[in-house]
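Engineer: This is the structure, below, for whatever I ask next.
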Amino acid sequence: MKEENLQTCFPIYQFLLDARPQVPIPKEEFYTFFLGSQELLLLVQSLAGPICFSTMKHRAHMDGDAKIAAFFPLYTLGLDQSNSDASGHEDSKSFSIKSYQLVLALAFAVEEININPDLLHNLTLGFDIYDIRYGTSTLFKNPFICLFGKYKIPNYNCLRESKSMAVLTGTSGAISSLIGTLLDIYRFPQLTTGPFDHTLRDKNKFPGLYQMAPKDTSIATAMVLLLLHFSWNWVVLLSLQDENDLWILPALKEEMARNRVCVDIELAFSKQVILNVFKFMGSYNQINKSSANVFIIYADNEFLDQVMMCIEQFLMKGKVFIMNSEWDSTLRKRYFILGSLHARIIFTHYHPEVSGFKNFVNAVKPSKYPEDFFLARLWFLSFNCSDSESDCVMWESCSHNASLGWLPGHIFYMTMSADSYNVYNTVYSVAQALHEMLLHQTEVQTMEKRKWAVLSPAKLHPFLKNIQFHNPAGDQVFLHDEKKLEPEFDIVNIWNFPEGLELKVKVGKFSPYTLRGHQLSLSEDMVQWAIGTTEPPHSVCSQSCHPGFRKSPQEGKAACCFDCTPCSENEMANETDMEQCVKCPDHQYANTQKNQCLQRATSFLAYGEPLGMALVCMSLCLSTLTAAVLGVFVKYQNTPIVKANNLALSYILLISLIFCFLCPLLFIGHPKTATCILQQTTFGVAFTVAVSAILAKTVTVVLAFKVTFPGRRMRWLLVSGAPNFIIPICTLIQVTLCGLWLGTSPPFIDIDAHSEYGHIIILCNKGSLIAFYCVLGYLVFLALASFTVAFLARNLPDTFNEAKFLTFSMLVFCSVWLTFLPVYHSAKGKVMVATEVFSILASSAGLLCCIFAPKCYIILLRPDRNVLHGLRDKTHTR
């Protein structure tokens, strides 16, 4: 086999080749050593550290009357060169310094309990902590050693060396489920310290298993609220394809759908690293072409390490990762850059700070805990200790003032993590259960039997099931799943510095107990985004619709993909991404940008505007002119031309015309209920009187000429004054119509918000249009009757015959009102009112001019013709 093939097929060969400077072996001889299994084992052993480590038990131990057995994943598998120890040594199994905090949390809790006089009385608590790794051949080896002693045979422990009362497993749910099968056989209480695993809730499969972590039932809401805060609605969803992660997907998708957040790409990964790499590479082009810059990753720490390593290798920069747990950043490649290629936002369970933990960690030394193999290993890797065998005991070559506080923050956190806090609470839960069991045994058994009862793990179950207490940090602790409180979340952002140095910064918090809308608090200016950016990236399918536009869904695409459509007339959208435009109220109108409703200005035919002033002046002038004509007729009432045309009817006609000219004043100005009613009734009655007076005049002329012929029998009609009854009868009919109008559907004040842009026109609504057209039609009927009679009498021979003038006046009257109807219906707003006013003035002026202008001309300018003999002479001459 060639060396190139070795480098390709066996990555460990390249790993060992890079480590060759630590061993004085030439490259050619190194190639030979690799092909021999015996030489390879010797080489790996030489890299593992001092020989004395092989004489130590691979555990952390503290003796006690009752002990807690714990199995933690303290090593991470990997061959990346960046995965090296702090001392520069590399190993096929890399010690996880961050995970060692779990051991410290357990030891700290045990020491606190042992010095607490209120717990366990004279009983001391100890522990045995072993490393365990999912998928390795030693998965069950350490549990066997811990639970069955050096014989490693199930059900055989003649010396009863094991004092374990409970077993802690974490932080992987998969490991806990596998070990739980073994522990249930011997009824060991099993307490898991990792994230809440829904597959472990099955009490039929795991009757003796208790989960310490709170349920992440509100994390879906927390993540979606974060998306909404930054207006992200287009995301990539990555999850682990196992039973534990399946429960979160429906809840997360439902919460997203409720808030209009869409998933562009969804990838479900398995626990096979190689398969995940191929799956990610297959989706590489799709992910990088997507406009989704936000990734939601829900998985355990082990899976998260694999996914993030793939992302670091393949993904373009500038992405945002929202995660439920933190990945081991020591596995990533080291870049000498200030900042990160991606932004990481992590939701971690909030917990109060445990007093005294930092001081405890600073005081930890191998000499203080000689039976802690993992502490010795950490010390050797971190503080440049000598590899002589004696140093394994005395540690004289290490720095005397060395402390775990010296380690960089990205390698070891001095503050207690969420998993360590769960370990701390778990130890106190076991201690509380032991305490209650001791009290119970004191009541029912003798003191001689108490020790045997304490050392029976199966008897601890009834007390663990209902355990409930406050820990020293003041937090209330429950083991029962249904009693667990909703967790609060700290929102953590990872700041990156050169050479892989990192800093965890709390940038926000989520609390399900605050009012809706205030559950998420975030300091946006503290979030470190990707290199080269200072603002949050955009992660949307379609750009936001600005005010004045509404979202129009794109057919066949997700709800987050849409087009922007302008709002319709008199509709507005004053916010971004509105689903529908809002119609402005009648008293408001939409501006030209369609993003605001403005107050409409009230509009009506006012006295102060030019059109109103012109109509008022015309009304007053014409009414004054009519009054002057009436004065002329009164002054010259004894002249032949005045007497010849029925003086009383002339007076009635002139007075009615004065009211007709003043009637438009009711149409001008701010409409009121009284003026709206008087407008139509005054108009109808006044014009009825005027037109009926003209009809009476016409009938009088006809009768006057008919009775002059011998043998006629209509003289009595003229002598009896029958034409004078025409006016009251016609007026009574019109008054009746107006009464019915007012009684059924009277006019009222109305607004017109559509005729004039930006204005509300206040006008009088006619009420019943049928009644209005009946009144108007009745006037037209009277006018046509007068026109017909006058037209028939136009050629009757007499100097004082005014039938021609009456005919022409009725022609003008009918023409005005026939023209009025189509113009009135086509006009809007105040123009419609002005049209009606102008028609009233025009028709009234037509009557005045056509009937009385010729008479006033004779009376005032040609008095020589206003004599009976003169007229007669002219008649004889003709």
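Residue numbering restarts at 1 in every chain; chains get A, B, ... in the order shown in the structure tokens, and ligands count up from 1 in that same order.
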Could you list, as a count of residues only, every residue within 9 Å of Val224 (chain A), counting only C-alpha atoms and ignoring same-chain residues fewer than 2 positions away?
Structural biologist: 13
Engineer: Let's see if you can do this: from backbone DSSP, list all helix (DSSP H, G or I) residues in region 439-530 of chain A, as a PyMOL selection string.
Structural biologist: chain A and resi 439-444+447-454+457-465+481-483+498-500+524-526
Engineer: Residues as selected, N, CA and C atoms, written as an mmCIF file, in the first residue's frame, can you do that?
Structural biologist:
data_model
loop_
_atom_site.group_PDB
_atom_site.id
_atom_site.type_symbol
_atom_site.label_atom_id
_atom_site.label_comp_id
_atom_site.auth_asym_id
_atom_site.auth_seq_id
_atom_site.Cartn_x
_atom_site.Cartn_y
_atom_site.Cartn_z
ATOM 1 N N LEU A 439 -35.711 9.303 57.885
ATOM 2 C CA LEU A 439 -36.736 9.699 58.853
ATOM 3 C C LEU A 439 -37.830 8.658 58.929
ATOM 4 N N HIS A 440 -38.210 8.149 57.768
ATOM 5 C CA HIS A 440 -39.257 7.133 57.747
ATOM 6 C C HIS A 440 -38.786 5.849 58.440
ATOM 7 N N GLN A 441 -37.533 5.430 58.186
ATOM 8 C CA GLN A 441 -37.007 4.210 58.804
ATOM 9 C C GLN A 441 -36.854 4.383 60.307
ATOM 10 N N THR A 442 -36.569 5.601 60.755
ATOM 11 C CA THR A 442 -36.440 5.860 62.186
ATOM 12 C C THR A 442 -37.761 5.612 62.894
ATOM 13 N N GLU A 443 -38.864 5.924 62.218
ATOM 14 C CA GLU A 443 -40.176 5.773 62.828
ATOM 15 C C GLU A 443 -40.627 4.313 62.860
ATOM 16 N N VAL A 444 -40.257 3.542 61.835
ATOM 17 C CA VAL A 444 -40.823 2.193 61.725
ATOM 18 C C VAL A 444 -39.837 1.077 62.023
ATOM 19 N N MET A 447 -32.764 1.230 65.039
ATOM 20 C CA MET A 447 -31.543 1.839 64.534
ATOM 21 C C MET A 447 -30.589 0.790 63.976
ATOM 22 N N GLU A 448 -30.637 -0.460 64.448
ATOM 23 C CA GLU A 448 -29.735 -1.470 63.947
ATOM 24 C C GLU A 448 -30.045 -1.825 62.483
ATOM 25 N N LYS A 449 -31.294 -1.671 62.088
ATOM 26 C CA LYS A 449 -31.666 -2.022 60.725
ATOM 27 C C LYS A 449 -31.559 -0.850 59.769
ATOM 28 N N ARG A 450 -31.267 0.318 60.274
ATOM 29 C CA ARG A 450 -31.302 1.496 59.411
ATOM 30 C C ARG A 450 -30.255 1.444 58.317
ATOM 31 N N LYS A 451 -29.052 1.008 58.645
ATOM 32 C CA LYS A 451 -27.984 1.027 57.650
ATOM 33 C C LYS A 451 -28.310 0.101 56.489
ATOM 34 N N TRP A 452 -28.841 -1.081 56.789
ATOM 35 C CA TRP A 452 -29.199 -1.990 55.692
ATOM 36 C C TRP A 452 -30.307 -1.396 54.832
ATOM 37 N N ALA A 453 -31.220 -0.656 55.441
ATOM 38 C CA ALA A 453 -32.296 -0.040 54.667
ATOM 39 C C ALA A 453 -31.749 1.067 53.780
ATOM 40 N N VAL A 454 -30.803 1.827 54.284
ATOM 41 C CA VAL A 454 -30.236 2.918 53.501
ATOM 42 C C VAL A 454 -29.513 2.388 52.287
ATOM 43 N N PRO A 457 -31.050 0.424 47.220
ATOM 44 C CA PRO A 457 -31.476 1.441 46.251
ATOM 45 C C PRO A 457 -32.943 1.332 45.871
ATOM 46 N N ALA A 458 -33.487 0.123 45.853
ATOM 47 C CA ALA A 458 -34.881 -0.048 45.420
ATOM 48 C C ALA A 458 -35.853 0.687 46.332
ATOM 49 N N LYS A 459 -35.485 0.810 47.624
ATOM 50 C CA LYS A 459 -36.389 1.470 48.564
ATOM 51 C C LYS A 459 -36.371 2.995 48.437
ATOM 52 N N LEU A 460 -35.487 3.485 47.589
ATOM 53 C CA LEU A 460 -35.407 4.945 47.419
ATOM 54 C C LEU A 460 -36.458 5.475 46.438
ATOM 55 N N HIS A 461 -37.034 4.607 45.608
ATOM 56 C CA HIS A 461 -37.973 5.043 44.570
ATOM 57 C C HIS A 461 -39.187 5.784 45.122
ATOM 58 N N PRO A 462 -39.871 5.269 46.142
ATOM 59 C CA PRO A 462 -41.071 5.984 46.613
ATOM 60 C C PRO A 462 -40.778 7.399 47.079
ATOM 61 N N PHE A 463 -39.586 7.621 47.578
ATOM 62 C CA PHE A 463 -39.248 8.952 48.083
ATOM 63 C C PHE A 463 -38.785 9.887 46.959
ATOM 64 N N LEU A 464 -38.191 9.287 45.919
ATOM 65 C CA LEU A 464 -37.765 10.115 44.782
ATOM 66 C C LEU A 464 -38.935 10.596 43.935
ATOM 67 N N LYS A 465 -39.985 9.774 43.843
ATOM 68 C CA LYS A 465 -41.090 10.095 42.934
ATOM 69 C C LYS A 465 -41.738 11.431 43.280
ATOM 70 N N ASP A 481 -42.576 14.789 36.399
ATOM 71 C CA ASP A 481 -42.642 15.499 35.119
ATOM 72 C C ASP A 481 -43.786 16.504 35.072
ATOM 73 N N GLU A 482 -44.935 16.128 35.630
ATOM 74 C CA GLU A 482 -46.101 16.991 35.526
ATOM 75 C C GLU A 482 -46.006 18.221 36.415
ATOM 76 N N LYS A 483 -45.151 18.177 37.427
ATOM 77 C CA LYS A 483 -45.026 19.313 38.340
ATOM 78 C C LYS A 483 -43.921 20.283 37.939
ATOM 79 N N PRO A 498 -9.481 36.061 17.971
ATOM 80 C CA PRO A 498 -8.465 35.285 17.232
ATOM 81 C C PRO A 498 -8.069 33.998 17.946
ATOM 82 N N GLU A 499 -7.636 33.039 17.142
ATOM 83 C CA GLU A 499 -7.167 31.742 17.610
ATOM 84 C C GLU A 499 -8.250 30.960 18.355
ATOM 85 N N GLY A 500 -9.511 31.138 17.927
ATOM 86 C CA GLY A 500 -10.586 30.332 18.493
ATOM 87 C C GLY A 500 -11.039 30.739 19.878
ATOM 88 N N GLU A 524 -30.187 44.142 21.316
ATOM 89 C CA GLU A 524 -29.769 43.867 19.944
ATOM 90 C C GLU A 524 -28.370 44.395 19.655
ATOM 91 N N ASP A 525 -27.995 45.507 20.301
ATOM 92 C CA ASP A 525 -26.687 46.089 20.014
ATOM 93 C C ASP A 525 -25.540 45.249 20.576
ATOM 94 N N MET A 526 -25.835 44.264 21.424
ATOM 95 C CA MET A 526 -24.788 43.416 21.996
ATOM 96 C C MET A 526 -24.534 42.159 21.161
#
Engineer: So how many Å separate CA of Met165 (chain A) and CA of Tyr210 (chain A), to one decimal?
Structural biologist: 13.9 Å
Engineer: Please provide as a PyMOL selection string all residues within 8 Å of Tyr824 (chain A), with the sequence filter that same-chain residues fewer than 4 positions apart are discarded (counting only C-alpha atoms).
Structural biologist: chain A and resi 820+832+835-836
Engineer: Save the residues we just selected, C-alpha atoms, as a JSON list (two decimals), in the first residue's frame?
Structural biologist:
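result-v9.json, written as the output of this step:
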[["chain", "number", "residue", "atom", "x", "y", "z"],
["A", 820, "PHE", "CA", -82.62, 70.63, -15.17],
["A", 832, "MET", "CA", -76.02, 69.51, -7.81],
["A", 835, "THR", "CA", -77.95, 73.39, -10.43],
["A", 836, "GLU", "CA", -81.26, 73.24, -8.56]]
Engineer: Please provide the set of residues having any atom within 7 Å of region 848-859 of chain A, restricted to only C-alpha atoms, with same-chain residues fewer than 5 positions apart removed, written as a PyMOL selection string.
Structural biologist: chain A and resi 805-806+808-809+865-866
Engineer: Could you state the separation of CA of His58 (chain A) and CA of Leu375 (chain A) in Å, given to one decimal place?
Structural biologist: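 Atom-to-atom, CA of His58 (chain A) and CA of Leu375 (chain A) are spaced 10.5 Å apart.
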Engineer: Quote the spacing between CA of Ala70 (chain A) and CA of Asp490 (chain A) in Å to one decimal place.
Structural biologist: 27.2 Å
